>>> print(open('target.tsv').read())   # TSV, C-alpha atoms
chain	number	residue	atom	x	y	z
T	1	MET	CA	-14.64	-11.60	2.00
T	2	ASN	CA	-11.22	-13.10	1.45
T	3	VAL	CA	-9.06	-10.95	-0.78
T	4	VAL	CA	-5.57	-11.70	-2.10
T	5	VAL	CA	-3.63	-8.60	-3.15
T	6	VAL	CA	-0.45	-9.14	-5.16
T	7	LEU	CA	2.13	-6.39	-5.77
T	8	ALA	CA	5.02	-6.66	-8.26
T	9	HIS	CA	7.27	-3.59	-8.05
T	10	PRO	CA	10.94	-3.48	-6.94
T	11	SER	CA	11.02	0.05	-5.50
T	12	ALA	CA	9.56	1.05	-2.14
T	13	GLY	CA	8.14	4.53	-2.52
T	14	SER	CA	6.84	3.81	-6.02
T	15	LEU	CA	3.36	4.74	-7.15
T	16	ASN	CA	2.62	1.00	-7.26
T	17	HIS	CA	3.49	0.72	-3.57
T	18	ALA	CA	1.17	3.62	-2.80
T	19	ALA	CA	-1.56	1.84	-4.77
T	20	PHE	CA	-0.88	-1.36	-2.80
T	21	ASP	CA	-1.00	0.44	0.58
T	22	THR	CA	-4.20	2.22	-0.42
T	23	ALA	CA	-5.86	-1.01	-1.53
T	24	VAL	CA	-4.84	-3.00	1.54
T	25	THR	CA	-5.88	-0.25	3.96
T	26	SER	CA	-9.20	0.29	2.24
T	27	LEU	CA	-10.00	-3.43	2.15
T	28	THR	CA	-9.03	-3.94	5.79
T	29	MET	CA	-11.14	-0.99	6.91
T	30	ALA	CA	-14.09	-2.42	4.98
T	31	GLY	CA	-13.75	-5.55	7.12
T	32	HIS	CA	-12.31	-7.94	4.52
T	33	HIS	CA	-9.74	-10.58	5.30
T	34	VAL	CA	-6.69	-9.52	3.27
T	35	THR	CA	-3.68	-11.57	2.22
T	36	ALA	CA	-1.18	-8.94	1.07
T	37	LEU	CA	1.71	-10.24	-1.03
T	38	ASP	CA	4.50	-7.79	-1.88
T	39	LEU	CA	6.42	-10.20	-4.12
T	40	TYR	CA	9.73	-8.32	-4.17
T	41	ALA	CA	9.68	-7.66	-0.42
T	42	ILE	CA	9.09	-11.31	0.45
T	43	GLU	CA	11.68	-12.36	-2.17
T	44	TYR	CA	9.27	-14.66	-3.92
T	45	PRO	CA	11.26	-17.32	-5.89
T	46	ALA	CA	9.54	-16.59	-9.20
T	47	LEU	CA	11.63	-18.70	-11.51
T	48	MET	CA	10.26	-22.09	-12.60
T	49	SER	CA	13.16	-24.37	-11.70
T	50	PHE	CA	14.03	-27.81	-13.03
T	51	ASP	CA	12.52	-29.39	-9.91
T	52	ASP	CA	9.39	-27.21	-10.11
T	53	ARG	CA	8.90	-28.23	-13.72
T	54	HIS	CA	9.30	-31.92	-12.99
T	55	ALA	CA	6.79	-31.79	-10.13
T	56	TYR	CA	4.30	-29.75	-12.19
T	57	HIS	CA	2.56	-32.64	-13.96
T	58	GLY	CA	2.88	-35.05	-11.04
T	59	ASP	CA	0.87	-35.76	-7.89
T	60	THR	CA	2.27	-32.76	-6.00
T	61	PRO	CA	2.54	-29.97	-8.58
T	62	ILE	CA	3.79	-27.42	-6.02
T	63	ILE	CA	6.96	-28.17	-4.06
T	64	ASN	CA	7.85	-24.74	-2.74
T	65	GLU	CA	6.56	-23.81	0.75
T	66	MET	CA	5.82	-20.15	-0.01
T	67	THR	CA	4.07	-21.10	-3.26
T	68	LEU	CA	1.91	-23.59	-1.35
T	69	GLN	CA	0.84	-20.90	1.12
T	70	HIS	CA	-0.05	-18.52	-1.70
T	71	ALA	CA	-1.94	-21.26	-3.54
T	72	SER	CA	-4.09	-22.02	-0.51
T	73	ALA	CA	-4.83	-18.31	-0.07
T	74	VAL	CA	-5.89	-18.17	-3.74
T	75	LYS	CA	-8.12	-21.23	-3.27
T	76	ALA	CA	-9.87	-19.49	-0.36
T	77	ALA	CA	-10.17	-16.12	-2.10
T	78	ASP	CA	-13.33	-14.42	-3.30
T	79	THR	CA	-11.37	-11.64	-4.98
T	80	LEU	CA	-7.91	-11.40	-6.53
T	81	VAL	CA	-6.25	-8.00	-6.90
T	82	PHE	CA	-3.09	-7.52	-8.99
T	83	ILE	CA	-1.00	-4.35	-8.82
T	84	TYR	CA	1.96	-3.96	-11.19
T	85	PRO	CA	3.79	-1.65	-13.59
T	86	THR	CA	3.26	-2.65	-17.22
T	87	TRP	CA	6.62	-3.33	-18.89
T	88	TRP	CA	6.82	-4.35	-22.55
T	89	SER	CA	3.01	-4.27	-22.60
T	90	SER	CA	2.98	-7.15	-20.15
T	91	LEU	CA	3.52	-8.38	-16.58
T	92	PRO	CA	6.86	-7.93	-14.76
T	93	ALA	CA	8.76	-11.23	-14.68
T	94	ILE	CA	8.18	-11.71	-10.93
T	95	LEU	CA	4.40	-11.62	-11.40
T	96	LYS	CA	4.51	-13.79	-14.52
T	97	GLY	CA	6.56	-16.35	-12.59
T	98	TRP	CA	4.17	-16.17	-9.64
T	99	LEU	CA	1.27	-17.06	-11.97
T	100	GLU	CA	3.26	-19.91	-13.50
T	101	LYS	CA	4.05	-21.44	-10.11
T	102	VAL	CA	0.98	-20.66	-7.97
T	103	MET	CA	-1.64	-21.30	-10.65
T	104	ALA	CA	-0.60	-24.93	-10.95
T	105	PRO	CA	-2.68	-27.97	-11.98
T	106	GLY	CA	-5.13	-28.75	-9.17
T	107	ILE	CA	-5.20	-25.09	-8.13
T	108	ALA	CA	-6.18	-22.97	-11.12
T	109	PHE	CA	-7.33	-25.77	-13.40
T	110	VAL	CA	-7.87	-29.51	-13.49
T	111	PHE	CA	-7.07	-31.92	-16.28
T	112	ASP	CA	-10.10	-34.09	-16.92
T	113	GLU	CA	-8.55	-37.43	-17.90
T	114	ALA	CA	-11.84	-38.75	-19.31
T	115	THR	CA	-12.49	-35.94	-21.79
T	116	GLY	CA	-8.92	-34.67	-22.13
T	117	LYS	CA	-10.18	-31.18	-21.39
T	118	VAL	CA	-9.00	-28.55	-18.96
T	119	LYS	CA	-11.57	-27.47	-16.36
T	120	PRO	CA	-11.55	-24.27	-14.31
T	121	GLY	CA	-10.28	-24.70	-10.76
T	122	LEU	CA	-10.96	-21.24	-9.35
T	123	LYS	CA	-14.76	-21.16	-9.16
T	124	ASN	CA	-14.32	-19.60	-5.70
T	125	VAL	CA	-12.95	-16.42	-7.28
T	126	ARG	CA	-15.85	-14.08	-8.02
T	127	ARG	CA	-13.88	-11.04	-9.04
T	128	ILE	CA	-10.51	-10.16	-10.56
T	129	ILE	CA	-9.25	-6.60	-10.24
T	130	GLY	CA	-6.19	-5.34	-12.10
T	131	ILE	CA	-4.39	-2.11	-11.25
T	132	SER	CA	-1.52	-1.04	-13.47
T	133	THR	CA	0.69	1.92	-14.27
T	134	TYR	CA	1.81	2.56	-17.84
T	135	ALA	CA	4.56	4.79	-19.23
T	136	SER	CA	2.70	4.90	-22.56
T	137	PRO	CA	-0.49	6.82	-23.32
T	138	LEU	CA	-3.77	4.87	-23.41
T	139	LEU	CA	-3.91	4.69	-27.23
T	140	ALA	CA	-0.43	3.16	-27.45
T	141	VAL	CA	-1.32	0.69	-24.70
T	142	LYS	CA	-4.42	-0.39	-26.63
T	143	ALA	CA	-2.45	-0.60	-29.88
T	144	ALA	CA	0.04	-2.97	-28.24
T	145	ASN	CA	-2.87	-5.15	-27.01
T	146	ASP	CA	-2.27	-4.51	-23.27
T	147	ASN	CA	-1.00	-8.07	-22.93
T	148	GLY	CA	-0.68	-8.10	-19.14
T	149	ARG	CA	-4.34	-7.18	-18.83
T	150	ARG	CA	-5.22	-9.90	-21.35
T	151	THR	CA	-3.30	-12.48	-19.33
T	152	LEU	CA	-5.19	-11.64	-16.13
T	153	LEU	CA	-8.66	-10.87	-17.48
T	154	ARG	CA	-8.74	-13.58	-20.15
T	155	ALA	CA	-6.27	-16.42	-19.52
T	156	LEU	CA	-6.67	-16.39	-15.74
T	157	ARG	CA	-10.33	-15.37	-15.99
T	158	LEU	CA	-11.02	-18.59	-17.96
T	159	CYS	CA	-10.02	-20.54	-14.82
T	160	THR	CA	-12.75	-18.90	-12.72
T	161	GLY	CA	-16.53	-19.20	-12.82
T	162	VAL	CA	-18.63	-17.92	-15.71
T	163	ARG	CA	-20.10	-15.14	-13.58
T	164	THR	CA	-16.76	-13.86	-12.32
T	165	ARG	CA	-16.54	-10.11	-12.82
T	166	SER	CA	-13.47	-8.11	-13.63
T	167	LYS	CA	-12.38	-4.54	-13.17
T	168	TRP	CA	-9.40	-2.59	-14.47
T	169	ILE	CA	-7.89	0.59	-13.05
T	170	GLY	CA	-5.01	2.01	-15.07
T	171	LEU	CA	-2.94	5.16	-14.94
T	172	TYR	CA	-1.47	5.97	-18.36
T	173	SER	CA	1.40	8.29	-19.41
T	174	VAL	CA	2.73	8.11	-15.85
T	175	PRO	CA	6.04	10.01	-16.46
T	176	ALA	CA	4.01	13.02	-17.65
T	177	SER	CA	1.28	12.69	-15.02
T	178	THR	CA	0.46	15.44	-12.53
T	179	HIS	CA	0.20	15.11	-8.78
T	180	GLU	CA	-3.58	15.52	-9.13
T	181	GLN	CA	-3.81	12.63	-11.60
T	182	ARG	CA	-1.84	10.35	-9.30
T	183	THR	CA	-3.98	11.30	-6.33
T	184	ALA	CA	-7.13	10.67	-8.38
T	185	PHE	CA	-5.74	7.26	-9.34
T	186	LEU	CA	-5.27	6.36	-5.66
T	187	SER	CA	-8.74	7.70	-4.79
T	188	LYS	CA	-10.24	5.53	-7.51
T	189	ILE	CA	-8.50	2.48	-6.02
T	190	ASP	CA	-9.69	3.41	-2.53
T	191	ALA	CA	-13.28	3.76	-3.75
T	192	ALA	CA	-13.21	0.51	-5.70
T	193	MET	CA	-11.93	-1.44	-2.70
T	194	ALA	CA	-14.40	0.19	-0.31
T	195	ALA	CA	-17.25	-0.73	-2.66
T	196	LEU	CA	-16.25	-4.38	-2.94
P	1	MET	CA	23.17	-13.85	-41.72
P	2	ASN	CA	23.99	-13.36	-38.05
P	3	VAL	CA	21.32	-15.16	-36.06
P	4	LEU	CA	20.99	-14.93	-32.28
P	5	VAL	CA	19.04	-17.82	-30.79
P	6	VAL	CA	17.59	-17.29	-27.30
P	7	TYR	CA	16.50	-20.54	-25.70
P	8	VAL	CA	14.44	-20.82	-22.50
P	9	HIS	CA	13.43	-23.98	-20.68
P	10	PRO	CA	14.39	-25.30	-17.22
P	11	ASP	CA	14.59	-28.93	-18.39
P	12	PRO	CA	17.47	-29.88	-20.76
P	13	ALA	CA	15.47	-32.97	-21.82
P	14	SER	CA	12.30	-31.06	-22.76
P	15	PHE	CA	10.63	-30.90	-26.14
P	16	VAL	CA	11.58	-27.23	-26.31
P	17	ALA	CA	15.24	-28.31	-26.07
P	18	ALA	CA	14.63	-30.52	-29.11
P	19	MET	CA	13.13	-27.49	-30.87
P	20	ARG	CA	16.31	-25.53	-30.08
P	21	ASP	CA	18.50	-28.28	-31.53
P	22	ARG	CA	16.54	-28.37	-34.77
P	23	VAL	CA	16.59	-24.56	-34.99
P	24	LEU	CA	20.40	-24.63	-34.76
P	25	THR	CA	20.71	-27.52	-37.23
P	26	GLY	CA	18.50	-25.72	-39.72
P	27	LEU	CA	20.31	-22.41	-39.38
P	28	THR	CA	23.73	-24.02	-39.82
P	29	ALA	CA	22.52	-25.94	-42.87
P	30	GLY	CA	21.24	-22.66	-44.28
P	31	GLY	CA	24.73	-21.16	-44.01
P	32	HIS	CA	23.93	-18.75	-41.17
P	33	THR	CA	26.27	-17.75	-38.38
P	34	THR	CA	24.65	-18.45	-35.02
P	35	GLN	CA	25.10	-17.50	-31.39
P	36	LEU	CA	23.11	-19.24	-28.67
P	37	ILE	CA	21.91	-17.79	-25.38
P	38	ASP	CA	20.64	-20.38	-22.89
P	39	LEU	CA	19.18	-18.27	-20.09
P	40	TYR	CA	18.73	-21.14	-17.61
P	41	ALA	CA	22.25	-22.44	-18.24
P	42	ASP	CA	23.55	-18.88	-17.79
P	43	GLY	CA	21.77	-18.70	-14.43
P	44	PHE	CA	20.25	-15.41	-15.57
P	45	ASP	CA	18.28	-13.57	-12.88
P	46	PRO	CA	15.15	-12.21	-14.61
P	47	LEU	CA	14.03	-9.85	-11.86
P	48	LEU	CA	14.60	-6.17	-12.55
P	49	THR	CA	16.12	-4.65	-9.43
P	50	ASP	CA	15.30	-1.54	-7.43
P	51	GLN	CA	18.64	-0.03	-8.51
P	52	GLU	CA	18.00	-0.73	-12.20
P	53	ARG	CA	14.61	0.92	-11.87
P	54	ARG	CA	16.26	4.00	-10.36
P	55	ASP	CA	18.89	4.05	-13.12
P	56	HIS	CA	16.25	3.84	-15.86
P	57	HIS	CA	16.63	7.43	-17.12
P	58	HIS	CA	20.41	7.60	-16.71
P	59	PRO	CA	21.84	4.09	-16.95
P	60	PRO	CA	25.50	3.62	-15.96
P	61	VAL	CA	28.05	3.33	-18.79
P	62	LEU	CA	29.06	-0.16	-17.72
P	63	ARG	CA	26.43	-2.74	-16.83
P	64	PRO	CA	28.30	-6.05	-16.47
P	65	GLN	CA	25.10	-7.98	-15.79
P	66	ILE	CA	23.67	-7.20	-19.25
P	67	ASP	CA	26.51	-5.85	-21.43
P	68	GLY	CA	27.28	-9.28	-22.93
P	69	TYR	CA	23.68	-9.77	-24.04
P	70	ALA	CA	23.53	-6.20	-25.34
P	71	ALA	CA	26.59	-6.84	-27.55
P	72	GLN	CA	24.95	-9.98	-28.91
P	73	LEU	CA	21.78	-8.03	-29.72
P	74	ARG	CA	23.85	-5.42	-31.61
P	75	TRP	CA	25.54	-8.22	-33.57
P	76	ALA	CA	22.30	-9.96	-34.61
P	77	GLU	CA	20.41	-9.50	-37.87
P	78	THR	CA	17.81	-12.05	-36.82
P	79	VAL	CA	16.70	-13.04	-33.33
P	80	VAL	CA	15.07	-16.44	-32.83
P	81	LEU	CA	13.26	-16.96	-29.52
P	82	VAL	CA	12.70	-20.61	-28.55
P	83	TYR	CA	10.45	-21.04	-25.50
P	84	PRO	CA	7.32	-22.69	-24.10
P	85	THR	CA	4.21	-20.50	-23.94
P	86	TRP	CA	2.92	-20.45	-20.35
P	87	TRP	CA	-0.17	-18.49	-19.33
P	88	SER	CA	-0.47	-17.20	-22.89
P	89	GLY	CA	2.94	-15.54	-22.82
P	90	GLN	CA	6.71	-15.79	-22.46
P	91	PRO	CA	7.99	-17.60	-19.36
P	92	ALA	CA	9.12	-15.32	-16.53
P	93	MET	CA	12.73	-16.05	-17.49
P	94	LEU	CA	12.29	-14.63	-21.00
P	95	LYS	CA	10.00	-11.80	-19.89
P	96	GLY	CA	12.64	-10.79	-17.36
P	97	TRP	CA	15.32	-10.87	-20.07
P	98	PHE	CA	13.25	-8.27	-21.94
P	99	ASP	CA	12.73	-6.29	-18.70
P	100	ARG	CA	16.41	-6.22	-17.74
P	101	VAL	CA	18.30	-6.34	-21.05
P	102	TRP	CA	16.07	-4.48	-23.53
P	103	THR	CA	16.57	-1.26	-21.59
P	104	ASN	CA	17.26	2.41	-22.12
P	105	GLY	CA	20.64	2.51	-23.86
P	106	VAL	CA	20.32	-0.98	-25.35
P	107	ALA	CA	16.94	-1.32	-27.07
P	108	TYR	CA	16.06	2.38	-27.19
P	109	GLU	CA	17.11	5.83	-26.14
P	110	LEU	CA	14.76	8.02	-24.17
P	111	ALA	CA	14.49	11.28	-26.09
P	112	ALA	CA	13.54	14.62	-24.50
P	113	GLY	CA	9.80	14.11	-24.94
P	114	GLY	CA	10.02	10.70	-23.31
P	115	ARG	CA	9.36	8.85	-26.57
P	116	PRO	CA	11.77	5.95	-27.01
P	117	LYS	CA	14.06	6.09	-30.05
P	118	PRO	CA	14.80	2.56	-31.28
P	119	LEU	CA	18.45	1.45	-31.19
P	120	LEU	CA	18.34	-2.09	-32.58
P	121	ARG	CA	17.96	-1.17	-36.26
P	122	ASN	CA	20.33	-4.03	-37.09
P	123	ILE	CA	17.63	-6.59	-36.23
P	124	LYS	CA	15.56	-7.17	-39.36
P	125	ARG	CA	13.70	-10.25	-38.29
P	126	LEU	CA	12.19	-11.70	-35.13
P	127	VAL	CA	11.22	-15.36	-35.03
P	128	ALA	CA	9.32	-17.12	-32.26
P	129	VAL	CA	9.41	-20.91	-32.06
P	130	THR	CA	7.07	-21.90	-29.27
P	131	SER	CA	4.91	-24.69	-27.87
P	132	HIS	CA	1.44	-24.30	-26.36
P	133	GLY	CA	-0.38	-26.68	-24.04
P	134	SER	CA	-3.70	-25.25	-25.15
P	135	ALA	CA	-5.45	-25.14	-28.51
P	136	LYS	CA	-5.08	-22.36	-31.04
P	137	TYR	CA	-8.62	-21.06	-30.45
P	138	THR	CA	-8.01	-20.91	-26.69
P	139	ASN	CA	-5.00	-18.71	-27.35
P	140	ALA	CA	-7.09	-16.56	-29.66
P	141	ILE	CA	-9.67	-16.08	-26.86
P	142	GLU	CA	-6.89	-15.27	-24.42
P	143	GLY	CA	-5.70	-12.48	-26.70
P	144	GLU	CA	-2.39	-13.93	-27.99
P	145	GLY	CA	-0.40	-12.03	-25.36
P	146	GLY	CA	2.95	-13.64	-26.13
P	147	LYS	CA	2.70	-13.05	-29.86
P	148	ARG	CA	1.69	-9.42	-29.41
P	149	VAL	CA	4.50	-8.64	-26.97
P	150	ILE	CA	6.94	-9.58	-29.73
P	151	SER	CA	5.15	-8.05	-32.71
P	152	ARG	CA	3.88	-4.86	-31.06
P	153	SER	CA	6.26	-4.04	-28.22
P	154	ILE	CA	9.62	-5.65	-29.06
P	155	ARG	CA	9.54	-5.18	-32.84
P	156	PRO	CA	9.26	-1.35	-32.76
P	157	MET	CA	12.76	-1.29	-31.16
P	158	CYS	CA	14.22	-3.11	-34.19
P	159	ASN	CA	14.58	-2.19	-37.86
P	160	ARG	CA	11.70	-0.21	-39.37
P	161	LEU	CA	11.00	-3.05	-41.79
P	162	ALA	CA	11.58	-5.85	-39.29
P	163	ARG	CA	9.38	-8.89	-39.90
P	164	CYS	CA	7.95	-11.27	-37.35
P	165	THR	CA	7.63	-14.99	-37.96
P	166	TRP	CA	5.51	-17.17	-35.70
P	167	ILE	CA	6.19	-20.90	-35.65
P	168	ALA	CA	3.97	-22.53	-33.07
P	169	LEU	CA	2.83	-25.94	-31.97
P	170	TYR	CA	-0.55	-26.03	-30.20
P	171	ASN	CA	-2.19	-28.67	-28.04
P	172	ILE	CA	1.17	-30.24	-27.31
P	173	ASP	CA	-0.07	-32.38	-24.40
P	174	ARG	CA	-2.52	-34.16	-26.67
P	175	LEU	CA	-0.27	-34.71	-29.67
P	176	ASP	CA	1.26	-38.08	-30.52
P	177	SER	CA	4.92	-38.33	-31.36
P	178	PRO	CA	4.53	-38.35	-35.21
P	179	ALA	CA	2.84	-34.94	-34.96
P	180	ARG	CA	5.62	-33.65	-32.71
P	181	ILE	CA	8.31	-34.99	-35.02
P	182	ALA	CA	6.56	-33.40	-37.98
P	183	PHE	CA	6.68	-30.08	-36.16
P	184	LEU	CA	10.42	-30.44	-35.49
P	185	ASP	CA	10.96	-31.18	-39.20
P	186	ARG	CA	8.98	-28.08	-40.08
P	187	VAL	CA	11.05	-25.97	-37.66
P	188	GLU	CA	14.32	-27.18	-39.18
P	189	ALA	CA	13.11	-26.61	-42.74
P	190	ARG	CA	11.92	-23.07	-41.97
P	191	MET	CA	15.25	-22.23	-40.35
P	192	ARG	CA	17.24	-23.62	-43.28
P	193	ARG	CA	15.54	-21.26	-45.73
P	194	LEU	CA	15.30	-18.30	-43.38
>>> encode(input="target.tsv", output="structure tokens")
Amino acid sequence: MNVVVVLAHPSAGSLNHAAFDTAVTSLTMAGHHVTALDLYAIEYPALMSFDDRHAYHGDTPIINEMTLQHASAVKAADTLVFIYPTWWSSLPAILKGWLEKVMAPGIAFVFDEATGKVKPGLKNVRRIIGISTYASPLLAVKAANDNGRRTLLRALRLCTGVRTRSKWIGLYSVPASTHEQRTAFLSKIDAAMAAL
Amino acid sequence: MNVLVVYVHPDPASFVAAMRDRVLTGLTAGGHTTQLIDLYADGFDPLLTDQERRDHHHPPVLRPQIDGYAAQLRWAETVVLVYPTWWSGQPAMLKGWFDRVWTNGVAYELAAGGRPKPLLRNIKRLVAVTSHGSAKYTNAIEGEGGKRVISRSIRPMCNRLARCTWIALYNIDRLDSPARIAFLDRVEARMRRL
């Protein structure tokens, strides 16, 4: 299977990086074709610029070379995996910007001129997996609506097929977590990727 | 009242820019004192850095990259956010402004137990003025991420009694200009009697 794995954390050596390495290794060993995108490391230009915005509704909605490469990987993907720290109950800006630019018209959705409706463009994606670390305990995360998870498993999910499955692996109360809990978190990721 | 307006859109000729203008007109007519932050015009970099992440628990005394915004937040009694809703939430530019500016020492203080103690008690009201490409029910299905970030994550850092006001235009791509103009009139009127 083709799998795109996206990481959005600024610090090498972070738990998110460990999660990313675990996921990529596990997927590769299981024989999947992996596109691994460490957004900070590759200095992804996440900001929607004036030129990006002007191209967005035109014939060529994506004008940035790196964004084009990522978009074609997404179009060929069976599974999308997102790994990020939850900040302000939502996605880090670099990942939010990546969604805004990669998931452009013609990629993630299509405007149907006849009906005026928006149609899903990612029927190729059969599964979305989210992996996130949270400073807050689970109850507080739920109380704040876990908006990053909502964005990926609802807004983005609506652009995929009706049978597309989703999975969420979260580690909560990270600052107070024990070494065992972190290891268990990584093991869970390893198992989920191996079982894909 | 001291009102801080934070405006986010890459295109100075966008509808969101018109929303910003009417927000400012309404606030001035209502006798409020305003300050405007235009994040794109400022060239703000919304990406939290490795160093900032490391400094999270013990931020340096001086942070030139955010100290100006922090002072404006401490001045404000009301914050009005004017932005387009993309992928059911704030644009990366605005999300990154939360990530980098609303930090330990500005929005909250990390107490011994790790629970954040709010620092922006001066802010008694948060207003979002935003446009959506999709319909209201689509946003409801998607879980209203942008609205909840403000009401459930940002608001707890403000005054205990802080109120949230949501002024939104849905389905913008399918609206004719009278409907858009009516929305701008509504925005200005709401700001005048804020």
>>> residues_near_point(input="target.tsv", point="(5.0, -7.7, -0.7)", cutoff="10 Å", atoms="all atoms listed in the file", output="PyMOL selection string")
chain T and resi 5-10+12+17+20+35-44
>>> residues_around(input="target.tsv", residues="Lys147 in chain P", least_positions_apart="3", cutoff="10 Å", atoms="all atoms listed in the file", output="list in words")
Asn147 of chain T; Thr85, Ser88, Gly89, Gln90, Ala128, Thr130, Asn139, Gly143, Glu144, Ile150, Ser151, Arg152, Ser153, Cys164, Thr165 and Trp166 of chain P
>>> interface_residues(input="target.tsv", of="chain T", to="chain P", cutoff="6 Å", atoms="only C-alpha atoms", output="ChimeraX atom specification")
/T:10-11,49-50,88,93,96-97,144,147,150,154-155
>>> closest_residue(input="target.tsv", among="P:Arg22, P:Lys117, P:Arg160, P:Arg193", to="Thr103 in chain P", atoms="only C-alpha atoms")
P:Lys117
>>> closest_residue(input="target.tsv", among="T:Cys159, T:Ile131, T:Val141, T:Leu153", to="Ile107 in chain T", atoms="all atoms listed in the file")
T:Cys159
>>> atom_distance(input="target.tsv", atom1="CA of Leu186 in chain T", atom2="CA of Thr28 in chain T")
15.9 Å
>>> closest_residue(input="target.tsv", among="P:His32, P:His58, P:Arg155, P:Arg163", to="Arg125 in chain P", atoms="only C-alpha atoms")
P:Arg163
>>> closest_residue(input="target.tsv", among="T:Val34, T:Ser90, T:Asp51, T:Leu27", to="Asn145 in chain T", atoms="all atoms listed in the file")
T:Ser90
>>> closest_residue(input="target.tsv", among="P:Leu175, P:Ala13, P:Ile181, P:Leu119", to="Cys158 in chain P", atoms="all atoms listed in the file")
P:Leu119
>>> residues_around(input="target.tsv", residues="Ala77 in chain T", least_positions_apart="2", cutoff="8 Å", atoms="all atoms listed in the file", output="PyMOL selection string")
chain T and resi 1-4+73-75+79-80+124-125
>>> atom_distance(input="target.tsv", atom1="CA of Trp75 in chain P", atom2="CA of His57 in chain P")
24.4 Å
>>> atom_distance(input="target.tsv", atom1="CA of Ile63 in chain T", atom2="CA of Gly43 in chain P")
20.4 Å
>>> residues_around(input="target.tsv", residues="Arg190 in chain P", least_positions_apart="6", cutoff="9 Å", atoms="all atoms listed in the file", output="list in words")
Val23, Gly26, Leu27 and Ile167 of chain P
>>> residues_around(input="target.tsv", residues="Ala18 in chain T", least_positions_apart="4", cutoff="10 Å", atoms="all atoms listed in the file", output="list in words")
Ala12, Gly13, Ser14, Thr22, Ala23, Val24, Arg182, Thr183 and Leu186 of chain T
>>> residues_near_point(input="target.tsv", point="(-3.1, -30.4, -13.6)", cutoff="9 Å", atoms="only C-alpha atoms", output="NGL selection string")
:T and (56-59 or 61 or 104-112 or 118)
>>> residues_around(input="target.tsv", residues="Lys101 in chain T", least_positions_apart="3", cutoff="8 Å", atoms="all atoms listed in the file", output="PyMOL selection string")
chain T and resi 46+48+52+62+67+97-98+104
>>> closest_residue(input="target.tsv", among="T:Ala140, T:Ile189, T:Leu158, T:Ala194", to="Ser173 in chain T", atoms="all atoms listed in the file")
T:Ala140
>>> axis_aligned_box(input="target.tsv", around="range 150-163 of chain T", padding_each_side="3 Å", output="AutoDock Vina command-line options")
--center_x -11.7 --center_y -15.2 --center_z -17.0 --size_x 22.8 --size_y 16.6 --size_z 14.6
